[in-house]
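Pasting start07.cif here (mmCIF, C-alpha atoms):
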data_work
#
loop_
_atom_site.label_atom_id
_atom_site.label_comp_id
_atom_site.auth_asym_id
_atom_site.auth_seq_id
_atom_site.Cartn_x
_atom_site.Cartn_y
_atom_site.Cartn_z
CA MET A 1 -0.92 -28.50 -12.11
CA HIS A 2 -2.93 -25.38 -11.37
CA ARG A 3 -2.21 -24.11 -7.84
CA ILE A 4 -5.90 -24.18 -6.82
CA ASP A 5 -6.33 -27.78 -8.01
CA GLU A 6 -3.14 -28.82 -6.26
CA LEU A 7 -4.29 -27.25 -2.98
CA PHE A 8 -7.62 -29.09 -2.84
CA GLN A 9 -6.05 -32.39 -3.93
CA ARG A 10 -3.36 -32.09 -1.27
CA LYS A 11 -5.63 -30.71 1.44
CA PRO A 12 -9.34 -31.51 0.99
CA GLU A 13 -10.24 -30.48 4.56
CA GLU A 14 -9.99 -27.30 6.65
CA VAL A 15 -8.68 -25.08 3.87
CA LEU A 16 -8.30 -21.59 5.32
CA ASN A 17 -8.88 -18.73 2.89
CA ILE A 18 -8.18 -15.23 4.22
CA TYR A 19 -9.52 -12.06 2.57
CA PHE A 20 -7.99 -8.60 2.82
CA THR A 21 -8.51 -5.35 0.94
CA ALA A 22 -5.60 -4.23 -1.23
CA GLY A 23 -4.13 -0.92 -0.07
CA TYR A 24 -5.47 -1.21 3.49
CA PRO A 25 -4.67 -0.18 6.12
CA LYS A 26 -1.82 1.55 4.26
CA LEU A 27 -1.29 1.74 0.52
CA ASP A 28 1.89 -0.33 0.51
CA ASP A 29 0.83 -3.02 3.00
CA THR A 30 -0.30 -5.47 0.29
CA ARG A 31 2.95 -7.42 -0.04
CA THR A 32 3.58 -7.48 3.71
CA ILE A 33 0.14 -8.96 4.34
CA LEU A 34 0.50 -11.52 1.54
CA LYS A 35 3.85 -12.78 2.82
CA SER A 36 2.70 -12.77 6.45
CA LEU A 37 -0.43 -14.76 5.61
CA GLN A 38 1.57 -17.43 3.82
CA ASP A 39 4.19 -17.61 6.56
CA SER A 40 1.44 -17.89 9.19
CA GLY A 41 -0.28 -20.84 7.51
CA ALA A 42 -3.10 -19.49 5.32
CA ASP A 43 -3.86 -21.98 2.53
CA LEU A 44 -5.46 -19.55 0.09
CA ILE A 45 -5.37 -15.76 -0.07
CA GLU A 46 -8.11 -13.52 -1.45
CA ILE A 47 -7.19 -9.94 -2.33
CA GLY A 48 -10.08 -7.49 -2.52
CA ILE A 49 -9.95 -4.85 -5.25
CA PRO A 50 -11.29 -1.64 -3.65
CA PHE A 51 -14.54 -0.33 -5.09
CA SER A 52 -16.72 2.63 -4.15
CA ASP A 53 -19.89 0.53 -3.91
CA PRO A 54 -19.08 -2.98 -2.59
CA VAL A 55 -22.70 -4.14 -2.34
CA ALA A 56 -22.03 -7.60 -0.88
CA ASP A 57 -19.84 -6.32 1.91
CA GLY A 58 -20.67 -5.14 5.40
CA PRO A 59 -19.43 -2.03 7.26
CA THR A 60 -15.93 -3.32 8.10
CA ILE A 61 -14.98 -4.19 4.53
CA GLN A 62 -16.82 -1.15 3.14
CA LYS A 63 -14.70 1.05 5.40
CA SER A 64 -11.52 -0.71 4.27
CA ASN A 65 -12.52 -0.11 0.64
CA GLU A 66 -13.06 3.59 1.32
CA GLN A 67 -9.72 3.91 3.12
CA ALA A 68 -7.85 2.01 0.40
CA LEU A 69 -9.30 4.29 -2.28
CA GLU A 70 -8.37 7.35 -0.20
CA ASN A 71 -4.87 5.89 0.09
CA GLY A 72 -4.65 5.90 -3.69
CA MET A 73 -5.19 2.22 -4.48
CA THR A 74 -6.13 1.46 -8.09
CA MET A 75 -6.18 -1.66 -10.23
CA LEU A 76 -2.99 -0.55 -11.94
CA LYS A 77 -1.31 0.10 -8.57
CA LEU A 78 -2.30 -3.37 -7.36
CA PHE A 79 -0.69 -5.06 -10.34
CA GLU A 80 2.43 -2.95 -9.78
CA GLN A 81 2.51 -4.10 -6.16
CA LEU A 82 2.08 -7.74 -7.17
CA GLU A 83 4.88 -7.69 -9.71
CA GLY A 84 7.34 -10.41 -8.66
CA PHE A 85 5.36 -11.55 -5.60
CA ARG A 86 5.60 -15.16 -6.74
CA LYS A 87 9.28 -15.13 -5.75
CA GLU A 88 8.15 -15.19 -2.09
CA VAL A 89 4.55 -16.47 -2.09
CA ASP A 90 3.64 -19.98 -3.29
CA VAL A 91 0.05 -20.41 -2.05
CA PRO A 92 -2.86 -19.84 -4.44
CA VAL A 93 -3.97 -16.21 -4.66
CA VAL A 94 -7.31 -15.02 -6.03
CA VAL A 95 -8.62 -11.50 -6.47
CA MET A 96 -12.14 -10.46 -5.52
CA GLY A 97 -13.67 -7.51 -7.29
CA TYR A 98 -16.83 -6.12 -8.82
CA PHE A 99 -17.44 -6.24 -12.55
CA ASN A 100 -17.54 -2.50 -13.23
CA PRO A 101 -13.90 -1.63 -12.33
CA ILE A 102 -12.62 -4.77 -14.06
CA MET A 103 -14.54 -3.86 -17.21
CA GLN A 104 -13.25 -0.28 -17.04
CA TYR A 105 -9.69 -1.54 -16.72
CA GLY A 106 -10.22 -3.71 -19.79
CA LEU A 107 -11.09 -7.40 -19.60
CA GLU A 108 -8.26 -8.62 -21.83
CA LYS A 109 -5.75 -6.32 -20.14
CA PHE A 110 -6.91 -7.49 -16.71
CA CYS A 111 -6.48 -11.15 -17.68
CA LYS A 112 -3.03 -10.58 -19.16
CA ASP A 113 -1.83 -8.64 -16.12
CA ALA A 114 -3.30 -11.18 -13.70
CA GLN A 115 -1.59 -14.04 -15.51
CA ARG A 116 1.70 -12.15 -15.72
CA VAL A 117 1.97 -11.47 -11.99
CA GLY A 118 0.71 -14.93 -10.96
CA ILE A 119 -2.94 -14.59 -9.95
CA ASP A 120 -4.73 -17.95 -9.90
CA GLY A 121 -8.40 -17.03 -9.77
CA ILE A 122 -11.10 -14.41 -9.51
CA ILE A 123 -14.35 -13.85 -7.61
CA VAL A 124 -16.80 -11.35 -9.11
CA PRO A 125 -19.99 -11.31 -6.97
CA ASP A 126 -22.04 -9.38 -9.53
CA LEU A 127 -20.91 -11.28 -12.64
CA PRO A 128 -23.94 -12.60 -14.59
CA MET A 129 -23.64 -16.23 -15.67
CA ILE A 130 -24.54 -15.37 -19.27
CA GLU A 131 -21.77 -12.75 -19.40
CA TYR A 132 -19.29 -15.30 -18.13
CA GLN A 133 -20.38 -18.02 -20.54
CA MET A 134 -20.49 -15.80 -23.63
CA ASN A 135 -17.57 -13.42 -23.11
CA LEU A 136 -15.29 -14.40 -20.24
CA LYS A 137 -15.03 -18.16 -19.76
CA GLU A 138 -12.75 -18.70 -22.74
CA MET A 139 -10.68 -15.61 -21.88
CA PHE A 140 -10.22 -16.63 -18.24
CA ASN A 141 -9.27 -20.19 -19.22
CA ALA A 142 -6.75 -18.94 -21.76
CA HIS A 143 -4.97 -17.02 -19.01
CA GLY A 144 -5.15 -19.71 -16.33
CA ILE A 145 -7.68 -17.80 -14.21
CA ARG A 146 -10.23 -19.87 -12.32
CA ASN A 147 -13.58 -18.16 -11.83
CA THR A 148 -15.49 -18.65 -8.58
CA PHE A 149 -19.25 -18.18 -8.38
CA LEU A 150 -21.14 -17.59 -5.14
CA ILE A 151 -24.17 -19.52 -3.92
CA SER A 152 -26.43 -18.72 -0.95
CA PRO A 153 -29.28 -20.38 0.97
CA GLN A 154 -31.68 -18.81 -1.54
CA THR A 155 -29.93 -20.27 -4.60
CA SER A 156 -32.06 -22.91 -6.32
CA ASP A 157 -30.78 -26.44 -6.91
CA ALA A 158 -30.94 -25.87 -10.66
CA ARG A 159 -28.82 -22.73 -10.39
CA ILE A 160 -26.33 -24.48 -8.10
CA LYS A 161 -25.93 -27.29 -10.63
CA GLU A 162 -25.40 -24.74 -13.41
CA ILE A 163 -22.74 -23.02 -11.29
CA ASP A 164 -21.07 -26.35 -10.53
CA ASP A 165 -21.00 -27.19 -14.26
CA ASN A 166 -19.41 -23.82 -15.06
CA THR A 167 -16.83 -23.80 -12.26
CA GLU A 168 -13.25 -24.98 -12.18
CA GLY A 169 -11.60 -24.32 -8.86
CA PHE A 170 -14.03 -23.93 -5.97
CA ILE A 171 -17.52 -22.67 -5.11
CA TYR A 172 -17.99 -19.86 -2.58
CA MET A 173 -20.86 -20.79 -0.25
CA VAL A 174 -22.29 -17.62 1.26
CA SER A 175 -23.50 -18.76 4.67
CA SER A 176 -26.50 -16.42 4.87
CA ALA A 177 -28.45 -13.78 2.96
CA SER A 178 -26.78 -10.94 4.88
CA VAL A 179 -23.68 -8.93 3.94
CA THR A 180 -20.20 -9.85 5.13
CA GLY A 181 -19.50 -9.43 8.81
CA ALA A 182 -23.16 -8.88 9.68
CA LYS A 183 -23.25 -11.76 12.15
CA THR A 184 -21.00 -14.35 13.68
CA GLY A 185 -21.62 -17.95 14.60
CA ILE A 186 -23.58 -20.59 12.71
CA SER A 187 -27.33 -21.14 13.14
CA SER A 188 -29.37 -24.30 12.73
CA GLU A 189 -30.88 -22.87 9.53
CA GLN A 190 -27.37 -22.45 8.11
CA VAL A 191 -26.50 -26.02 9.06
CA ASP A 192 -29.59 -27.23 7.15
CA TYR A 193 -28.36 -25.29 4.11
CA PHE A 194 -24.84 -26.73 4.45
CA LYS A 195 -26.28 -30.26 4.61
CA ARG A 196 -28.48 -29.62 1.56
CA ILE A 197 -25.47 -28.59 -0.51
CA GLU A 198 -23.39 -31.45 0.85
CA ALA A 199 -26.08 -33.91 -0.26
CA MET A 200 -25.92 -32.58 -3.83
CA LYS A 201 -22.46 -34.15 -4.27
CA LEU A 202 -21.07 -31.27 -6.35
CA LYS A 203 -17.91 -31.89 -8.34
CA ASN A 204 -16.16 -28.75 -7.09
CA PRO A 205 -14.72 -28.10 -3.63
CA ARG A 206 -16.72 -25.66 -1.47
CA LEU A 207 -15.57 -22.94 0.91
CA ILE A 208 -18.01 -21.29 3.32
CA GLY A 209 -17.80 -17.54 3.92
CA PHE A 210 -19.69 -14.71 5.72
CA GLY A 211 -19.78 -14.90 9.53
CA ILE A 212 -16.65 -17.04 9.94
CA SER A 213 -14.40 -15.32 12.46
CA ASP A 214 -12.75 -17.70 14.92
CA ASN A 215 -11.71 -21.28 15.61
CA LYS A 216 -15.23 -22.44 16.53
CA SER A 217 -16.95 -21.10 13.40
CA PHE A 218 -14.03 -22.18 11.19
CA LYS A 219 -14.14 -25.74 12.48
CA GLU A 220 -17.91 -25.98 12.22
CA ALA A 221 -18.03 -24.57 8.68
CA SER A 222 -15.19 -26.88 7.65
CA SER A 223 -17.12 -29.91 8.89
CA TYR A 224 -19.70 -29.25 6.15
CA SER A 225 -17.29 -28.19 3.39
CA ASN A 226 -13.65 -28.18 2.33
CA GLY A 227 -12.89 -25.14 4.44
CA ALA A 228 -13.87 -21.56 5.13
CA ILE A 229 -13.23 -17.94 4.23
CA ILE A 230 -12.54 -15.24 6.81
CA GLY A 231 -12.84 -11.60 5.75
CA SER A 232 -14.29 -9.00 8.11
CA ALA A 233 -12.63 -10.35 11.27
CA PHE A 234 -9.23 -10.29 9.58
CA VAL A 235 -9.75 -6.84 8.04
CA LYS A 236 -10.70 -5.55 11.48
CA LEU A 237 -7.50 -7.05 12.93
CA ILE A 238 -5.14 -5.48 10.41
CA GLY A 239 -6.91 -2.13 10.75
CA GLN A 240 -5.98 -2.10 14.44
CA SER A 241 -2.53 -3.67 14.07
CA THR A 242 0.74 -2.01 15.03
CA ASP A 243 2.81 -5.04 13.94
CA LEU A 244 1.28 -6.78 10.93
CA PRO A 245 3.47 -9.93 10.75
CA LYS A 246 3.14 -10.59 14.50
CA ASP A 247 -0.60 -9.91 14.68
CA ILE A 248 -1.35 -11.92 11.53
CA LYS A 249 0.56 -14.90 12.92
CA GLY A 250 -1.42 -14.68 16.16
CA PHE A 251 -4.73 -14.44 14.29
CA ILE A 252 -4.08 -17.47 12.07
CA SER A 253 -2.85 -19.53 15.04
CA ALA A 254 -6.02 -18.69 16.98
CA VAL A 255 -8.26 -19.66 14.05
CA ARG A 256 -6.39 -22.94 13.65
CA GLY A 257 -6.63 -23.56 17.39
CA GLU A 258 -2.88 -23.84 17.76
#
As structure tokens - that is how I would like this structure written.
Amino acid sequence: MHRIDELFQRKPEEVLNIYFTAGYPKLDDTRTILKSLQDSGADLIEIGIPFSDPVADGPTIQKSNEQALENGMTMLKLFEQLEGFRKEVDVPVVVMGYFNPIMQYGLEKFCKDAQRVGIDGIIVPDLPMIEYQMNLKEMFNAHGIRNTFLISPQTSDARIKEIDDNTEGFIYMVSSASVTGAKTGISSEQVDYFKRIEAMKLKNPRLIGFGISDNKSFKEASSYSNGAIIGSAFVKLIGQSTDLPKDIKGFISAVRGE
């Protein structure tokens, strides 16, 4: 069974997905962070591929992208770092990146390398649906890569249904129209949006991201979905860390409320 399917079948509630930028804070921290996240209890791990213009991301993740690129992180370097990581990491791992660098790397080459090292899925915020349907869906499926689309409060019901029909894995519910890390906490307007999506009875699991940063927001988001995604708060933590395994364990425990 695909690792993403197995996760949501085994644990349909309070799935914790943690995002970090590959090559940040130091170039070779990727494997340490991956292993520490699994050992600390993350259910799903999202690795950001650094890009010079991450339009959906706020200042914290933008800064991590800039630093990772300065450190020398590239797509090729990331795949080199991930070689053999499945010997020590069992949880599902997805990569998040923008379409331009993936296209420049080569779509077929990207899929082959992702499958070889053990990547389970991909999130491409700027991927057009028509591009996916015509050129990528078959390729991703052939290499066992689950594609995740994003929805937001502004996404129409018709578009959400189209996304649900074209998704295998999970749907990324952007909690607001802002960029990542722009605000924390959950407003009444966001709750209305969460309830609207919940009422649609989509076939795919849903994870809520943007503005999730602590136990309170994680628990609240999870009450309207299958779990939540934490990015900026975690990236900020590792940027300040002097002991990654210890600090990551403390962060995950605090989010879980342990």
- Task: Report the distance between CA of Lys246 in chain A and CA of Ala233 in chain A in Å, rounded to one decimal place.
- Result: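 That distance, rounded to one decimal, is 16.1 Å.
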- Item | Between CA of Ser64 in chain A and CA of Thr30 in chain A, distance in Å (one decimal) |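 Rounded to one decimal, the two atoms are 12.8 Å apart.
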- Task: State, in Å with one decimal place, the distance from CA of Ser152 in chain A to CA of Phe251 in chain A.
- Result: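 Interatomic distance, CA of Ser152 in chain A to CA of Phe251 in chain A: 26.9 Å.
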Neighbours of Leu207 in chain A within 9 Å (all atoms listed in the file; same-chain residues fewer than 5 positions away dropped), as a CSV table (one decimal) with C-alpha atoms, in the coordinates of the input?
chain,number,residue,atom,x,y,z
A,15,VAL,CA,-8.7,-25.1,3.9
A,16,LEU,CA,-8.3,-21.6,5.3
A,17,ASN,CA,-8.9,-18.7,2.9
A,170,PHE,CA,-14.0,-23.9,-6.0
A,171,ILE,CA,-17.5,-22.7,-5.1
A,172,TYR,CA,-18.0,-19.9,-2.6
A,173,MET,CA,-20.9,-20.8,-0.2
A,174,VAL,CA,-22.3,-17.6,1.3
A,221,ALA,CA,-18.0,-24.6,8.7
A,222,SER,CA,-15.2,-26.9,7.6
A,225,SER,CA,-17.3,-28.2,3.4
A,226,ASN,CA,-13.6,-28.2,2.3
A,227,GLY,CA,-12.9,-25.1,4.4
A,228,ALA,CA,-13.9,-21.6,5.1
A,229,ILE,CA,-13.2,-17.9,4.2
- Message: Taking 3 positions as the minimum chain separation for residues in the same chain, which residues sit within 10 Å of range 107-123 of chain A when counting all atoms listed in the file? Answer as an MDAnalysis selection string.
- Response: chainID A and resid 2:4 46:48 75:76 79:86 89:99 101:104 126:127 135:136 139:150 168:172
- Leaving out Ile230 in chain A and any residue of its chain fewer than 4 positions from it, which residues lie within 10 Å of it when counting only C-alpha atoms, given as a ChimeraX atom specification? /A:16-20,45-46,180-181,208-214,217-218,234-235,255
Could you save those same residues with C-alpha atoms as a PDB file, in the frame of the given file?
ATOM      1  CA  LEU A  16      -8.300 -21.590   5.320  1.00  0.00           C
ATOM      2  CA  ASN A  17      -8.880 -18.730   2.890  1.00  0.00           C
ATOM      3  CA  ILE A  18      -8.180 -15.230   4.220  1.00  0.00           C
ATOM      4  CA  TYR A  19      -9.520 -12.060   2.570  1.00  0.00           C
ATOM      5  CA  PHE A  20      -7.990  -8.600   2.820  1.00  0.00           C
ATOM      6  CA  ILE A  45      -5.370 -15.760  -0.070  1.00  0.00           C
ATOM      7  CA  GLU A  46      -8.110 -13.520  -1.450  1.00  0.00           C
ATOM      8  CA  THR A 180     -20.200  -9.850   5.130  1.00  0.00           C
ATOM      9  CA  GLY A 181     -19.500  -9.430   8.810  1.00  0.00           C
ATOM     10  CA  ILE A 208     -18.010 -21.290   3.320  1.00  0.00           C
ATOM     11  CA  GLY A 209     -17.800 -17.540   3.920  1.00  0.00           C
ATOM     12  CA  PHE A 210     -19.690 -14.710   5.720  1.00  0.00           C
ATOM     13  CA  GLY A 211     -19.780 -14.900   9.530  1.00  0.00           C
ATOM     14  CA  ILE A 212     -16.650 -17.040   9.940  1.00  0.00           C
ATOM     15  CA  SER A 213     -14.400 -15.320  12.460  1.00  0.00           C
ATOM     16  CA  ASP A 214     -12.750 -17.700  14.920  1.00  0.00           C
ATOM     17  CA  SER A 217     -16.950 -21.100  13.400  1.00  0.00           C
ATOM     18  CA  PHE A 218     -14.030 -22.180  11.190  1.00  0.00           C
ATOM     19  CA  PHE A 234      -9.230 -10.290   9.580  1.00  0.00           C
ATOM     20  CA  VAL A 235      -9.750  -6.840   8.040  1.00  0.00           C
ATOM     21  CA  VAL A 255      -8.260 -19.660  14.050  1.00  0.00           C
TER      22      VAL A 255
END
N, CA and C atoms for range 232-257 of chain A, written as a PDB file, in the frame of the given file, could you do that?
ATOM      1  N   SER A 232     -14.095 -10.163   7.240  1.00  0.00           N
ATOM      2  CA  SER A 232     -14.290  -9.000   8.110  1.00  0.00           C
ATOM      3  C   SER A 232     -13.451  -9.057   9.380  1.00  0.00           C
ATOM      4  N   ALA A 233     -13.392 -10.227  10.020  1.00  0.00           N
ATOM      5  CA  ALA A 233     -12.630 -10.350  11.270  1.00  0.00           C
ATOM      6  C   ALA A 233     -11.145 -10.072  11.032  1.00  0.00           C
ATOM      7  N   PHE A 234     -10.637 -10.525   9.889  1.00  0.00           N
ATOM      8  CA  PHE A 234      -9.230 -10.290   9.580  1.00  0.00           C
ATOM      9  C   PHE A 234      -8.977  -8.836   9.203  1.00  0.00           C
ATOM     10  N   VAL A 235      -9.885  -8.252   8.420  1.00  0.00           N
ATOM     11  CA  VAL A 235      -9.750  -6.840   8.040  1.00  0.00           C
ATOM     12  C   VAL A 235      -9.769  -5.952   9.280  1.00  0.00           C
ATOM     13  N   LYS A 236     -10.627  -6.300  10.228  1.00  0.00           N
ATOM     14  CA  LYS A 236     -10.700  -5.550  11.480  1.00  0.00           C
ATOM     15  C   LYS A 236      -9.363  -5.649  12.230  1.00  0.00           C
ATOM     16  N   LEU A 237      -8.790  -6.839  12.255  1.00  0.00           N
ATOM     17  CA  LEU A 237      -7.500  -7.050  12.930  1.00  0.00           C
ATOM     18  C   LEU A 237      -6.400  -6.182  12.330  1.00  0.00           C
ATOM     19  N   ILE A 238      -6.250  -6.220  11.010  1.00  0.00           N
ATOM     20  CA  ILE A 238      -5.140  -5.480  10.410  1.00  0.00           C
ATOM     21  C   ILE A 238      -5.355  -3.968  10.522  1.00  0.00           C
ATOM     22  N   GLY A 239      -6.630  -3.550  10.585  1.00  0.00           N
ATOM     23  CA  GLY A 239      -6.910  -2.130  10.750  1.00  0.00           C
ATOM     24  C   GLY A 239      -6.469  -1.605  12.097  1.00  0.00           C
ATOM     25  N   GLN A 240      -6.381  -2.486  13.087  1.00  0.00           N
ATOM     26  CA  GLN A 240      -5.980  -2.100  14.440  1.00  0.00           C
ATOM     27  C   GLN A 240      -4.532  -2.461  14.743  1.00  0.00           C
ATOM     28  N   SER A 241      -3.861  -3.120  13.803  1.00  0.00           N
ATOM     29  CA  SER A 241      -2.530  -3.670  14.070  1.00  0.00           C
ATOM     30  C   SER A 241      -1.434  -2.618  14.097  1.00  0.00           C
ATOM     31  N   THR A 242      -0.480  -2.830  14.995  1.00  0.00           N
ATOM     32  CA  THR A 242       0.740  -2.010  15.030  1.00  0.00           C
ATOM     33  C   THR A 242       1.947  -2.827  14.587  1.00  0.00           C
ATOM     34  N   ASP A 243       1.752  -4.143  14.398  1.00  0.00           N
ATOM     35  CA  ASP A 243       2.810  -5.040  13.940  1.00  0.00           C
ATOM     36  C   ASP A 243       2.157  -6.130  13.102  1.00  0.00           C
ATOM     37  N   LEU A 244       2.045  -5.888  11.797  1.00  0.00           N
ATOM     38  CA  LEU A 244       1.280  -6.780  10.930  1.00  0.00           C
ATOM     39  C   LEU A 244       1.768  -8.236  10.963  1.00  0.00           C
ATOM     40  N   PRO A 245       3.046  -8.519  10.747  1.00  0.00           N
ATOM     41  CA  PRO A 245       3.470  -9.930  10.750  1.00  0.00           C
ATOM     42  C   PRO A 245       3.152 -10.645  12.067  1.00  0.00           C
ATOM     43  N   LYS A 246       3.396  -9.982  13.184  1.00  0.00           N
ATOM     44  CA  LYS A 246       3.140 -10.590  14.500  1.00  0.00           C
ATOM     45  C   LYS A 246       1.648 -10.818  14.716  1.00  0.00           C
ATOM     46  N   ASP A 247       0.839  -9.802  14.430  1.00  0.00           N
ATOM     47  CA  ASP A 247      -0.600  -9.910  14.680  1.00  0.00           C
ATOM     48  C   ASP A 247      -1.271 -10.896  13.729  1.00  0.00           C
ATOM     49  N   ILE A 248      -0.796 -10.958  12.487  1.00  0.00           N
ATOM     50  CA  ILE A 248      -1.350 -11.920  11.530  1.00  0.00           C
ATOM     51  C   ILE A 248      -1.030 -13.340  11.969  1.00  0.00           C
ATOM     52  N   LYS A 249       0.176 -13.564  12.422  1.00  0.00           N
ATOM     53  CA  LYS A 249       0.560 -14.900  12.920  1.00  0.00           C
ATOM     54  C   LYS A 249      -0.331 -15.314  14.089  1.00  0.00           C
ATOM     55  N   GLY A 250      -0.571 -14.382  15.021  1.00  0.00           N
ATOM     56  CA  GLY A 250      -1.420 -14.680  16.160  1.00  0.00           C
ATOM     57  C   GLY A 250      -2.845 -14.985  15.750  1.00  0.00           C
ATOM     58  N   PHE A 251      -3.352 -14.253  14.766  1.00  0.00           N
ATOM     59  CA  PHE A 251      -4.730 -14.440  14.290  1.00  0.00           C
ATOM     60  C   PHE A 251      -4.899 -15.817  13.664  1.00  0.00           C
ATOM     61  N   ILE A 252      -3.986 -16.179  12.756  1.00  0.00           N
ATOM     62  CA  ILE A 252      -4.080 -17.470  12.070  1.00  0.00           C
ATOM     63  C   ILE A 252      -3.945 -18.619  13.068  1.00  0.00           C
ATOM     64  N   SER A 253      -3.024 -18.489  14.014  1.00  0.00           N
ATOM     65  CA  SER A 253      -2.850 -19.530  15.040  1.00  0.00           C
ATOM     66  C   SER A 253      -4.118 -19.720  15.860  1.00  0.00           C
ATOM     67  N   ALA A 254      -4.785 -18.610  16.191  1.00  0.00           N
ATOM     68  CA  ALA A 254      -6.020 -18.690  16.980  1.00  0.00           C
ATOM     69  C   ALA A 254      -7.134 -19.363  16.175  1.00  0.00           C
ATOM     70  N   VAL A 255      -7.245 -19.037  14.889  1.00  0.00           N
ATOM     71  CA  VAL A 255      -8.260 -19.660  14.050  1.00  0.00           C
ATOM     72  C   VAL A 255      -8.018 -21.154  13.922  1.00  0.00           C
ATOM     73  N   ARG A 256      -6.759 -21.525  13.783  1.00  0.00           N
ATOM     74  CA  ARG A 256      -6.390 -22.940  13.650  1.00  0.00           C
ATOM     75  C   ARG A 256      -6.548 -23.689  14.981  1.00  0.00           C
ATOM     76  N   GLY A 257      -6.566 -22.931  16.071  1.00  0.00           N
ATOM     77  CA  GLY A 257      -6.630 -23.560  17.390  1.00  0.00           C
ATOM     78  C   GLY A 257      -5.291 -24.076  17.854  1.00  0.00           C
TER      79      GLY A 257
END
